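J.: Okay, handing you the structure first.
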Amino acid sequence: MKKGFVFDLDGVITDTAKLHYVAWKDLAAMLGIEIDLAFNEQLKGVGRMDSLEKILAYGGKKDDLSLAQKETLAEEKNNHYVELLQDLAPKDLLPGFKEFLDSAKAHHIPCAVASASKNAPFILKKLEVFTEFDAIVDPATLAKGKPDPEIFIRAAQAIHIAPEEAVGFEDAQAGIEGIKACGMFAVGVETTEPLHQADLRVKQLNELSVEELLQK
Ligand code: XGP
C-alpha cells in the first residue's frame, strides 16, 4: 500500500517545461550555441546552474567563462523565464492534475513537491495550489540534484513516510532515475520522449485513479 505522493513541477503539474526551453534557447543563441528539443531533454529536472553548464559543454564553451559570468547568465535566463510566467494562472494546470490532487486530499494522502526549480513556490502560488501541498522541498538546501535521489528522499521525509511508501511523478528521465534509486514507485508523465525505468507511463494524470495507485 502506498501512503503519499511526490510530484515534480515543470511538465507534471504545469507545462512550464516549454517556457524553460524558450528561455534557455534564447540564452544559448546569445552565446552562439544552438539547442533543440532533443537536447532540451537533458535539461529537464536539472537545476539552473547545472543546466547552464550542460549548454556550455554542448556548445564547446565549458571552460570559457568565469563563475561570475555564469551567474550573470543564469540570472538573465531566469529573468526572461519569470517574464514568461507572468500570465500563468489556474487554467495552466495540466489536464487532470487538479482532479487527481483533490482526490488524493479526499483520501487524506499527503502530497509533496520535489522540483529542482527555485521558482516552484512562485509558480504554485500563481496556479493557486501552493497551500494544497503538505511539503515543498527547497532545492537550495540539497547537496545533489536529480538524478540523485536526495530530493525524493527529502520529500518522503517531509510527509513522514518511507520512500518505498511513496509514488513519484516525473516527466524527466533524470527524475525517474532519482525516484527509482530510492525505491519509490515511478509514474512517468511522457510528453515527448519515452521515459525509461518508469513503473507506469501516462500522457496525462487524468489517466490515473488515486485508488488504483495506492494499491501499487
Ligand atoms: P529554476 C529550473 C532549470 O532552470 C531548468 O533548466 C530545469 O528544467 C527546471 O529547473 C527543472 O524543473 O530551475 O531556474 O527554475 O530554478
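In the C-alpha cells, chains take the letters A, B, ... in the order shown, each chain's residues start at 1, and ligands count up from 1 in the order shown.
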Which chains and residue numbers are within 6 Å of ligand 1, counting only C-alpha atoms and all ligand atoms, if I want them as a short mmCIF file (atom, residue, chain, number, x, y, z; two decimals) with N, CA, C and O atoms, in the first residue's frame?

T.:
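Result saved to selection.cif:
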data_model
loop_
_atom_site.label_atom_id
_atom_site.label_comp_id
_atom_site.auth_asym_id
_atom_site.auth_seq_id
_atom_site.Cartn_x
_atom_site.Cartn_y
_atom_site.Cartn_z
N ASP A 10 7.62 21.18 -13.12
CA ASP A 10 7.65 21.53 -14.54
C ASP A 10 7.36 20.29 -15.40
O ASP A 10 8.12 19.32 -15.37
N HIS A 20 10.84 27.05 -19.99
CA HIS A 20 12.28 26.92 -19.69
C HIS A 20 13.03 26.77 -21.02
O HIS A 20 14.09 27.37 -21.21
N LEU A 43 18.05 18.88 -20.06
CA LEU A 43 17.94 19.97 -19.08
C LEU A 43 16.76 19.76 -18.13
O LEU A 43 16.68 20.39 -17.08
N LYS A 44 15.85 18.87 -18.52
CA LYS A 44 14.66 18.65 -17.69
C LYS A 44 15.04 18.04 -16.35
O LYS A 44 15.79 17.07 -16.30
N GLY A 45 14.53 18.63 -15.30
CA GLY A 45 14.80 18.11 -13.96
C GLY A 45 16.13 18.56 -13.39
O GLY A 45 16.44 18.31 -12.24
N VAL A 46 16.92 19.25 -14.20
CA VAL A 46 18.27 19.66 -13.79
C VAL A 46 18.23 21.13 -13.35
O VAL A 46 17.63 21.97 -14.03
N GLY A 47 18.88 21.45 -12.24
CA GLY A 47 18.85 22.82 -11.69
C GLY A 47 19.46 23.86 -12.63
O GLY A 47 20.06 23.52 -13.65
N ARG A 48 19.31 25.12 -12.24
CA ARG A 48 19.66 26.24 -13.12
C ARG A 48 21.13 26.24 -13.54
O ARG A 48 21.44 26.28 -14.73
N SER A 51 22.07 23.24 -15.60
CA SER A 51 21.52 23.35 -16.96
C SER A 51 22.45 24.21 -17.82
O SER A 51 22.78 23.87 -18.96
N ASN A 78 16.91 33.45 -15.98
CA ASN A 78 15.80 33.39 -15.04
C ASN A 78 14.88 34.61 -15.17
O ASN A 78 13.66 34.49 -15.10
N SER A 115 10.84 19.56 -6.84
CA SER A 115 11.26 20.20 -8.10
C SER A 115 12.63 20.83 -7.94
O SER A 115 12.92 21.42 -6.89
N ALA A 116 13.42 20.74 -8.99
CA ALA A 116 14.76 21.38 -8.99
C ALA A 116 14.64 22.90 -9.11
O ALA A 116 15.60 23.62 -8.92
N SER A 117 13.44 23.37 -9.43
CA SER A 117 13.26 24.80 -9.71
C SER A 117 13.10 25.64 -8.46
O SER A 117 12.25 25.39 -7.62
N LYS A 118 13.91 26.71 -8.40
CA LYS A 118 13.79 27.66 -7.29
C LYS A 118 12.54 28.52 -7.46
O LYS A 118 12.16 29.26 -6.56
N ASN A 119 11.93 28.45 -8.63
CA ASN A 119 10.70 29.21 -8.88
C ASN A 119 9.44 28.46 -8.46
O ASN A 119 8.33 28.97 -8.63
#

J.: DSSP on the backbone: which residues in segment 1-195 of chain A end up as alpha helix (DSSP H)? Give the answer as a PDB file with N, CA and C atoms, in the first residue's frame.

T.:
ATOM      1  N   ALA A  17       7.788  23.456 -18.588  1.00  0.00           N
ATOM      2  CA  ALA A  17       8.998  22.909 -19.220  1.00  0.00           C
ATOM      3  C   ALA A  17       9.233  23.610 -20.568  1.00  0.00           C
ATOM      4  N   LYS A  18       8.147  23.932 -21.275  1.00  0.00           N
ATOM      5  CA  LYS A  18       8.315  24.564 -22.597  1.00  0.00           C
ATOM      6  C   LYS A  18       8.799  26.019 -22.459  1.00  0.00           C
ATOM      7  N   LEU A  19       8.467  26.668 -21.348  1.00  0.00           N
ATOM      8  CA  LEU A  19       8.938  28.046 -21.136  1.00  0.00           C
ATOM      9  C   LEU A  19      10.424  28.060 -20.754  1.00  0.00           C
ATOM     10  N   HIS A  20      10.841  27.049 -19.988  1.00  0.00           N
ATOM     11  CA  HIS A  20      12.276  26.919 -19.694  1.00  0.00           C
ATOM     12  C   HIS A  20      13.031  26.767 -21.016  1.00  0.00           C
ATOM     13  N   TYR A  21      12.469  25.962 -21.912  1.00  0.00           N
ATOM     14  CA  TYR A  21      13.138  25.716 -23.203  1.00  0.00           C
ATOM     15  C   TYR A  21      13.300  27.021 -23.980  1.00  0.00           C
ATOM     16  N   VAL A  22      12.234  27.822 -24.034  1.00  0.00           N
ATOM     17  CA  VAL A  22      12.300  29.103 -24.764  1.00  0.00           C
ATOM     18  C   VAL A  22      13.417  29.976 -24.170  1.00  0.00           C
ATOM     19  N   ALA A  23      13.447  30.075 -22.835  1.00  0.00           N
ATOM     20  CA  ALA A  23      14.424  30.957 -22.182  1.00  0.00           C
ATOM     21  C   ALA A  23      15.855  30.431 -22.351  1.00  0.00           C
ATOM     22  N   TRP A  24      16.035  29.109 -22.221  1.00  0.00           N
ATOM     23  CA  TRP A  24      17.388  28.552 -22.411  1.00  0.00           C
ATOM     24  C   TRP A  24      17.830  28.674 -23.863  1.00  0.00           C
ATOM     25  N   LYS A  25      16.905  28.454 -24.792  1.00  0.00           N
ATOM     26  CA  LYS A  25      17.248  28.516 -26.224  1.00  0.00           C
ATOM     27  C   LYS A  25      17.729  29.925 -26.589  1.00  0.00           C
ATOM     28  N   ASP A  26      17.037  30.939 -26.077  1.00  0.00           N
ATOM     29  CA  ASP A  26      17.422  32.330 -26.366  1.00  0.00           C
ATOM     30  C   ASP A  26      18.782  32.648 -25.752  1.00  0.00           C
ATOM     31  N   LEU A  27      18.995  32.184 -24.522  1.00  0.00           N
ATOM     32  CA  LEU A  27      20.277  32.457 -23.868  1.00  0.00           C
ATOM     33  C   LEU A  27      21.416  31.754 -24.623  1.00  0.00           C
ATOM     34  N   ALA A  28      21.181  30.502 -25.011  1.00  0.00           N
ATOM     35  CA  ALA A  28      22.205  29.744 -25.744  1.00  0.00           C
ATOM     36  C   ALA A  28      22.525  30.454 -27.066  1.00  0.00           C
ATOM     37  N   ALA A  29      21.485  30.926 -27.754  1.00  0.00           N
ATOM     38  CA  ALA A  29      21.679  31.604 -29.048  1.00  0.00           C
ATOM     39  C   ALA A  29      22.563  32.843 -28.864  1.00  0.00           C
ATOM     40  N   MET A  30      22.348  33.538 -27.755  1.00  0.00           N
ATOM     41  CA  MET A  30      23.152  34.723 -27.450  1.00  0.00           C
ATOM     42  C   MET A  30      24.638  34.368 -27.325  1.00  0.00           C
ATOM     43  N   LEU A  37      15.035  20.658 -29.307  1.00  0.00           N
ATOM     44  CA  LEU A  37      14.172  19.967 -28.343  1.00  0.00           C
ATOM     45  C   LEU A  37      14.798  18.667 -27.833  1.00  0.00           C
ATOM     46  N   ALA A  38      15.521  17.983 -28.708  1.00  0.00           N
ATOM     47  CA  ALA A  38      16.147  16.719 -28.286  1.00  0.00           C
ATOM     48  C   ALA A  38      17.180  17.002 -27.195  1.00  0.00           C
ATOM     49  N   PHE A  39      18.009  18.040 -27.396  1.00  0.00           N
ATOM     50  CA  PHE A  39      19.000  18.395 -26.368  1.00  0.00           C
ATOM     51  C   PHE A  39      18.298  18.840 -25.084  1.00  0.00           C
ATOM     52  N   ASN A  40      17.187  19.550 -25.239  1.00  0.00           N
ATOM     53  CA  ASN A  40      16.462  20.081 -24.080  1.00  0.00           C
ATOM     54  C   ASN A  40      16.052  18.991 -23.081  1.00  0.00           C
ATOM     55  N   ARG A  48      19.308  25.119 -12.236  1.00  0.00           N
ATOM     56  CA  ARG A  48      19.660  26.241 -13.117  1.00  0.00           C
ATOM     57  C   ARG A  48      21.134  26.244 -13.540  1.00  0.00           C
ATOM     58  N   MET A  49      22.051  26.211 -12.571  1.00  0.00           N
ATOM     59  CA  MET A  49      23.474  26.284 -12.922  1.00  0.00           C
ATOM     60  C   MET A  49      23.922  25.037 -13.678  1.00  0.00           C
ATOM     61  N   ASP A  50      23.405  23.879 -13.264  1.00  0.00           N
ATOM     62  CA  ASP A  50      23.774  22.638 -13.957  1.00  0.00           C
ATOM     63  C   ASP A  50      23.246  22.649 -15.395  1.00  0.00           C
ATOM     64  N   SER A  51      22.072  23.245 -15.600  1.00  0.00           N
ATOM     65  CA  SER A  51      21.525  23.346 -16.961  1.00  0.00           C
ATOM     66  C   SER A  51      22.449  24.214 -17.817  1.00  0.00           C
ATOM     67  N   LEU A  52      22.888  25.342 -17.247  1.00  0.00           N
ATOM     68  CA  LEU A  52      23.791  26.229 -17.988  1.00  0.00           C
ATOM     69  C   LEU A  52      25.097  25.507 -18.321  1.00  0.00           C
ATOM     70  N   GLU A  53      25.622  24.771 -17.347  1.00  0.00           N
ATOM     71  CA  GLU A  53      26.876  24.027 -17.592  1.00  0.00           C
ATOM     72  C   GLU A  53      26.700  23.036 -18.749  1.00  0.00           C
ATOM     73  N   LYS A  54      25.551  22.387 -18.787  1.00  0.00           N
ATOM     74  CA  LYS A  54      25.307  21.412 -19.859  1.00  0.00           C
ATOM     75  C   LYS A  54      25.275  22.104 -21.222  1.00  0.00           C
ATOM     76  N   ILE A  55      24.658  23.295 -21.264  1.00  0.00           N
ATOM     77  CA  ILE A  55      24.577  24.043 -22.524  1.00  0.00           C
ATOM     78  C   ILE A  55      25.990  24.468 -22.971  1.00  0.00           C
ATOM     79  N   LEU A  56      26.772  24.962 -22.018  1.00  0.00           N
ATOM     80  CA  LEU A  56      28.131  25.414 -22.357  1.00  0.00           C
ATOM     81  C   LEU A  56      28.972  24.234 -22.861  1.00  0.00           C
ATOM     82  N   ALA A  57      28.851  23.089 -22.193  1.00  0.00           N
ATOM     83  CA  ALA A  57      29.618  21.911 -22.617  1.00  0.00           C
ATOM     84  C   ALA A  57      29.178  21.478 -24.021  1.00  0.00           C
ATOM     85  N   TYR A  58      27.864  21.515 -24.261  1.00  0.00           N
ATOM     86  CA  TYR A  58      27.302  21.133 -25.568  1.00  0.00           C
ATOM     87  C   TYR A  58      27.843  22.043 -26.673  1.00  0.00           C
ATOM     88  N   LEU A  67      33.030  32.023 -13.085  1.00  0.00           N
ATOM     89  CA  LEU A  67      31.838  31.738 -12.279  1.00  0.00           C
ATOM     90  C   LEU A  67      30.914  32.963 -12.255  1.00  0.00           C
ATOM     91  N   ALA A  68      31.501  34.142 -12.131  1.00  0.00           N
ATOM     92  CA  ALA A  68      30.692  35.371 -12.072  1.00  0.00           C
ATOM     93  C   ALA A  68      29.914  35.553 -13.382  1.00  0.00           C
ATOM     94  N   GLN A  69      30.573  35.275 -14.516  1.00  0.00           N
ATOM     95  CA  GLN A  69      29.880  35.395 -15.817  1.00  0.00           C
ATOM     96  C   GLN A  69      28.740  34.382 -15.923  1.00  0.00           C
ATOM     97  N   LYS A  70      29.000  33.172 -15.436  1.00  0.00           N
ATOM     98  CA  LYS A  70      27.947  32.138 -15.488  1.00  0.00           C
ATOM     99  C   LYS A  70      26.769  32.536 -14.601  1.00  0.00           C
ATOM    100  N   GLU A  71      27.074  33.101 -13.441  1.00  0.00           N
ATOM    101  CA  GLU A  71      25.984  33.522 -12.543  1.00  0.00           C
ATOM    102  C   GLU A  71      25.147  34.620 -13.187  1.00  0.00           C
ATOM    103  N   THR A  72      25.807  35.530 -13.894  1.00  0.00           N
ATOM    104  CA  THR A  72      25.079  36.602 -14.578  1.00  0.00           C
ATOM    105  C   THR A  72      24.172  36.015 -15.670  1.00  0.00           C
ATOM    106  N   LEU A  73      24.708  35.054 -16.419  1.00  0.00           N
ATOM    107  CA  LEU A  73      23.920  34.424 -17.494  1.00  0.00           C
ATOM    108  C   LEU A  73      22.723  33.668 -16.924  1.00  0.00           C
ATOM    109  N   ALA A  74      22.961  32.935 -15.824  1.00  0.00           N
ATOM    110  CA  ALA A  74      21.873  32.164 -15.206  1.00  0.00           C
ATOM    111  C   ALA A  74      20.777  33.119 -14.723  1.00  0.00           C
ATOM    112  N   GLU A  75      21.202  34.269 -14.213  1.00  0.00           N
ATOM    113  CA  GLU A  75      20.226  35.257 -13.734  1.00  0.00           C
ATOM    114  C   GLU A  75      19.438  35.855 -14.902  1.00  0.00           C
ATOM    115  N   GLU A  76      20.139  36.101 -16.009  1.00  0.00           N
ATOM    116  CA  GLU A  76      19.456  36.630 -17.214  1.00  0.00           C
ATOM    117  C   GLU A  76      18.406  35.654 -17.723  1.00  0.00           C
ATOM    118  N   LYS A  77      18.807  34.380 -17.758  1.00  0.00           N
ATOM    119  CA  LYS A  77      17.842  33.357 -18.210  1.00  0.00           C
ATOM    120  C   LYS A  77      16.640  33.354 -17.292  1.00  0.00           C
ATOM    121  N   ASN A  78      16.909  33.446 -15.978  1.00  0.00           N
ATOM    122  CA  ASN A  78      15.797  33.386 -15.037  1.00  0.00           C
ATOM    123  C   ASN A  78      14.881  34.613 -15.172  1.00  0.00           C
ATOM    124  N   ASN A  79      15.472  35.782 -15.376  1.00  0.00           N
ATOM    125  CA  ASN A  79      14.638  36.984 -15.542  1.00  0.00           C
ATOM    126  C   ASN A  79      13.703  36.824 -16.737  1.00  0.00           C
ATOM    127  N   HIS A  80      14.249  36.296 -17.834  1.00  0.00           N
ATOM    128  CA  HIS A  80      13.436  36.061 -19.033  1.00  0.00           C
ATOM    129  C   HIS A  80      12.327  35.044 -18.727  1.00  0.00           C
ATOM    130  N   TYR A  81      12.720  33.948 -18.048  1.00  0.00           N
ATOM    131  CA  TYR A  81      11.753  32.895 -17.710  1.00  0.00           C
ATOM    132  C   TYR A  81      10.626  33.452 -16.826  1.00  0.00           C
ATOM    133  N   VAL A  82      10.997  34.252 -15.820  1.00  0.00           N
ATOM    134  CA  VAL A  82       9.989  34.800 -14.903  1.00  0.00           C
ATOM    135  C   VAL A  82       9.037  35.739 -15.666  1.00  0.00           C
ATOM    136  N   GLU A  83       9.567  36.475 -16.661  1.00  0.00           N
ATOM    137  CA  GLU A  83       8.687  37.307 -17.510  1.00  0.00           C
ATOM    138  C   GLU A  83       7.659  36.422 -18.227  1.00  0.00           C
ATOM    139  N   LEU A  84       8.127  35.265 -18.716  1.00  0.00           N
ATOM    140  CA  LEU A  84       7.231  34.352 -19.445  1.00  0.00           C
ATOM    141  C   LEU A  84       6.160  33.747 -18.533  1.00  0.00           C
ATOM    142  N   PHE A  97      -4.639  17.208 -13.456  1.00  0.00           N
ATOM    143  CA  PHE A  97      -3.824  17.330 -12.237  1.00  0.00           C
ATOM    144  C   PHE A  97      -4.662  17.718 -11.022  1.00  0.00           C
ATOM    145  N   LYS A  98      -5.495  18.756 -11.175  1.00  0.00           N
ATOM    146  CA  LYS A  98      -6.254  19.266 -10.024  1.00  0.00           C
ATOM    147  C   LYS A  98      -7.225  18.200  -9.509  1.00  0.00           C
ATOM    148  N   GLU A  99      -7.847  17.492 -10.434  1.00  0.00           N
ATOM    149  CA  GLU A  99      -8.792  16.442 -10.058  1.00  0.00           C
ATOM    150  C   GLU A  99      -8.054  15.348  -9.264  1.00  0.00           C
ATOM    151  N   PHE A 100      -6.844  15.015  -9.759  1.00  0.00           N
ATOM    152  CA  PHE A 100      -6.043  13.984  -9.088  1.00  0.00           C
ATOM    153  C   PHE A 100      -5.664  14.439  -7.678  1.00  0.00           C
ATOM    154  N   LEU A 101      -5.220  15.687  -7.566  1.00  0.00           N
ATOM    155  CA  LEU A 101      -4.816  16.235  -6.259  1.00  0.00           C
ATOM    156  C   LEU A 101      -6.021  16.268  -5.307  1.00  0.00           C
ATOM    157  N   ASP A 102      -7.157  16.707  -5.824  1.00  0.00           N
ATOM    158  CA  ASP A 102      -8.363  16.762  -4.992  1.00  0.00           C
ATOM    159  C   ASP A 102      -8.738  15.368  -4.490  1.00  0.00           C
ATOM    160  N   SER A 103      -8.586  14.385  -5.365  1.00  0.00           N
ATOM    161  CA  SER A 103      -8.916  13.017  -4.983  1.00  0.00           C
ATOM    162  C   SER A 103      -7.939  12.525  -3.912  1.00  0.00           C
ATOM    163  N   ALA A 104      -6.639  12.855  -4.069  1.00  0.00           N
ATOM    164  CA  ALA A 104      -5.645  12.463  -3.061  1.00  0.00           C
ATOM    165  C   ALA A 104      -6.011  13.074  -1.712  1.00  0.00           C
ATOM    166  N   LYS A 105      -6.419  14.327  -1.734  1.00  0.00           N
ATOM    167  CA  LYS A 105      -6.782  15.018  -0.486  1.00  0.00           C
ATOM    168  C   LYS A 105      -8.007  14.362   0.140  1.00  0.00           C
ATOM    169  N   ALA A 106      -8.957  13.997  -0.702  1.00  0.00           N
ATOM    170  CA  ALA A 106     -10.176  13.354  -0.192  1.00  0.00           C
ATOM    171  C   ALA A 106      -9.837  12.019   0.482  1.00  0.00           C
ATOM    172  N   ALA A 120       9.606  27.257  -7.908  1.00  0.00           N
ATOM    173  CA  ALA A 120       8.426  26.423  -7.612  1.00  0.00           C
ATOM    174  C   ALA A 120       7.386  27.125  -6.730  1.00  0.00           C
ATOM    175  N   PRO A 121       7.787  27.738  -5.585  1.00  0.00           N
ATOM    176  CA  PRO A 121       6.742  28.367  -4.757  1.00  0.00           C
ATOM    177  C   PRO A 121       5.973  29.454  -5.511  1.00  0.00           C
ATOM    178  N   PHE A 122       6.694  30.278  -6.288  1.00  0.00           N
ATOM    179  CA  PHE A 122       6.065  31.349  -7.068  1.00  0.00           C
ATOM    180  C   PHE A 122       5.045  30.773  -8.071  1.00  0.00           C
ATOM    181  N   ILE A 123       5.461  29.709  -8.756  1.00  0.00           N
ATOM    182  CA  ILE A 123       4.585  29.091  -9.764  1.00  0.00           C
ATOM    183  C   ILE A 123       3.352  28.460  -9.106  1.00  0.00           C
ATOM    184  N   LEU A 124       3.570  27.767  -7.996  1.00  0.00           N
ATOM    185  CA  LEU A 124       2.445  27.115  -7.311  1.00  0.00           C
ATOM    186  C   LEU A 124       1.440  28.145  -6.802  1.00  0.00           C
ATOM    187  N   LYS A 125       1.953  29.321  -6.395  1.00  0.00           N
ATOM    188  CA  LYS A 125       1.040  30.386  -5.948  1.00  0.00           C
ATOM    189  C   LYS A 125       0.247  30.916  -7.133  1.00  0.00           C
ATOM    190  N   LYS A 126       0.914  31.114  -8.268  1.00  0.00           N
ATOM    191  CA  LYS A 126       0.217  31.587  -9.478  1.00  0.00           C
ATOM    192  C   LYS A 126      -0.876  30.600  -9.902  1.00  0.00           C
ATOM    193  N   GLU A 150      18.301  12.328  -3.619  1.00  0.00           N
ATOM    194  CA  GLU A 150      18.180  13.142  -2.403  1.00  0.00           C
ATOM    195  C   GLU A 150      16.850  13.914  -2.310  1.00  0.00           C
ATOM    196  N   ILE A 151      16.459  14.571  -3.379  1.00  0.00           N
ATOM    197  CA  ILE A 151      15.239  15.417  -3.325  1.00  0.00           C
ATOM    198  C   ILE A 151      13.989  14.575  -3.041  1.00  0.00           C
ATOM    199  N   PHE A 152      13.982  13.328  -3.553  1.00  0.00           N
ATOM    200  CA  PHE A 152      12.809  12.477  -3.339  1.00  0.00           C
ATOM    201  C   PHE A 152      12.807  11.900  -1.917  1.00  0.00           C
ATOM    202  N   ILE A 153      13.993  11.594  -1.413  1.00  0.00           N
ATOM    203  CA  ILE A 153      14.103  11.102  -0.026  1.00  0.00           C
ATOM    204  C   ILE A 153      13.641  12.213   0.926  1.00  0.00           C
ATOM    205  N   ARG A 154      14.077  13.438   0.642  1.00  0.00           N
ATOM    206  CA  ARG A 154      13.691  14.570   1.497  1.00  0.00           C
ATOM    207  C   ARG A 154      12.181  14.831   1.425  1.00  0.00           C
ATOM    208  N   ALA A 155      11.616  14.645   0.246  1.00  0.00           N
ATOM    209  CA  ALA A 155      10.160  14.855   0.096  1.00  0.00           C
ATOM    210  C   ALA A 155       9.396  13.818   0.906  1.00  0.00           C
ATOM    211  N   ALA A 156       9.842  12.563   0.845  1.00  0.00           N
ATOM    212  CA  ALA A 156       9.169  11.500   1.604  1.00  0.00           C
ATOM    213  C   ALA A 156       9.286  11.788   3.106  1.00  0.00           C
ATOM    214  N   GLN A 157      10.483  12.176   3.534  1.00  0.00           N
ATOM    215  CA  GLN A 157      10.683  12.506   4.967  1.00  0.00           C
ATOM    216  C   GLN A 157       9.722  13.609   5.388  1.00  0.00           C
ATOM    217  N   ALA A 158       9.582  14.616   4.534  1.00  0.00           N
ATOM    218  CA  ALA A 158       8.752  15.781   4.871  1.00  0.00           C
ATOM    219  C   ALA A 158       7.282  15.408   5.048  1.00  0.00           C
ATOM    220  N   GLN A 173      13.744  12.179 -17.477  1.00  0.00           N
ATOM    221  CA  GLN A 173      14.481  10.933 -17.268  1.00  0.00           C
ATOM    222  C   GLN A 173      15.315  10.999 -15.993  1.00  0.00           C
ATOM    223  N   ALA A 174      15.956  12.159 -15.745  1.00  0.00           N
ATOM    224  CA  ALA A 174      16.774  12.310 -14.532  1.00  0.00           C
ATOM    225  C   ALA A 174      15.911  12.108 -13.288  1.00  0.00           C
ATOM    226  N   GLY A 175      14.676  12.580 -13.338  1.00  0.00           N
ATOM    227  CA  GLY A 175      13.759  12.440 -12.206  1.00  0.00           C
ATOM    228  C   GLY A 175      13.346  11.001 -11.992  1.00  0.00           C
ATOM    229  N   ILE A 176      13.029  10.307 -13.068  1.00  0.00           N
ATOM    230  CA  ILE A 176      12.635   8.887 -12.948  1.00  0.00           C
ATOM    231  C   ILE A 176      13.780   8.103 -12.305  1.00  0.00           C
ATOM    232  N   GLU A 177      14.997   8.413 -12.721  1.00  0.00           N
ATOM    233  CA  GLU A 177      16.154   7.699 -12.158  1.00  0.00           C
ATOM    234  C   GLU A 177      16.284   7.967 -10.654  1.00  0.00           C
ATOM    235  N   GLY A 178      16.060   9.210 -10.242  1.00  0.00           N
ATOM    236  CA  GLY A 178      16.116   9.563  -8.816  1.00  0.00           C
ATOM    237  C   GLY A 178      15.031   8.849  -8.028  1.00  0.00           C
ATOM    238  N   ILE A 179      13.840   8.792  -8.589  1.00  0.00           N
ATOM    239  CA  ILE A 179      12.711   8.118  -7.923  1.00  0.00           C
ATOM    240  C   ILE A 179      13.042   6.637  -7.715  1.00  0.00           C
ATOM    241  N   LYS A 180      13.506   6.003  -8.785  1.00  0.00           N
ATOM    242  CA  LYS A 180      13.802   4.565  -8.705  1.00  0.00           C
ATOM    243  C   LYS A 180      14.971   4.278  -7.762  1.00  0.00           C
ATOM    244  N   ALA A 181      15.938   5.204  -7.723  1.00  0.00           N
ATOM    245  CA  ALA A 181      17.132   4.983  -6.889  1.00  0.00           C
ATOM    246  C   ALA A 181      16.807   4.964  -5.399  1.00  0.00           C
TER     247      ALA A 181
END

J.: List every residue of chain A that DSSP, applied to the backbone, labels as strand (DSSP E or B), and write the result as a list in words.

T.: Gly4, Phe5, Val6, Phe7, Asp10, Thr14, Leu93, Cys111, Ala112, Val113, Ala135, Ile136, Ala166, Val167, Gly168, Phe169, Glu170, Phe185, Ala186, Val187, Gly188, Val189, Leu200, Arg201 and Val202 of chain A

J.: When you count only C-alpha atoms, which of these residues is closest to Leu213 of chain A: A:Leu195, A:Leu94, A:Ile13, A:Met1?

T.: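 Looking only at the distances to Leu213 of chain A, the closest residue turns out to be A:Met1.
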
J.: Contacts of segment 167-171 of chain A at 7 Å or less, counting only C-alpha atoms, minus same-chain residues fewer than 2 places along, as a list in words?

T.: Lys2, Gly4, Phe5, Val6, Phe7, Asp8, Gly11, Val12, Gln173, Gly175, Ile176, Ile179, Met184, Phe185, Ala186, Val187, Gly188, Val189 and Glu190 of chain A

J.: Which one of A:Gln215, A:Thr192, A:Ser209, A:Thr131 sits closest to Ala166 of chain A if you count only C-alpha atoms?

T.: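 Of the candidates, the smallest distance to Ala166 of chain A is held by A:Gln215.
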
J.: Quick one: distance from atom CA of Asn206 of chain A to atom CA of Glu165 of chain A in Å, one decimal?

T.: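 Straight-line distance from atom CA of Asn206 of chain A to atom CA of Glu165 of chain A works out to 21.9 Å.
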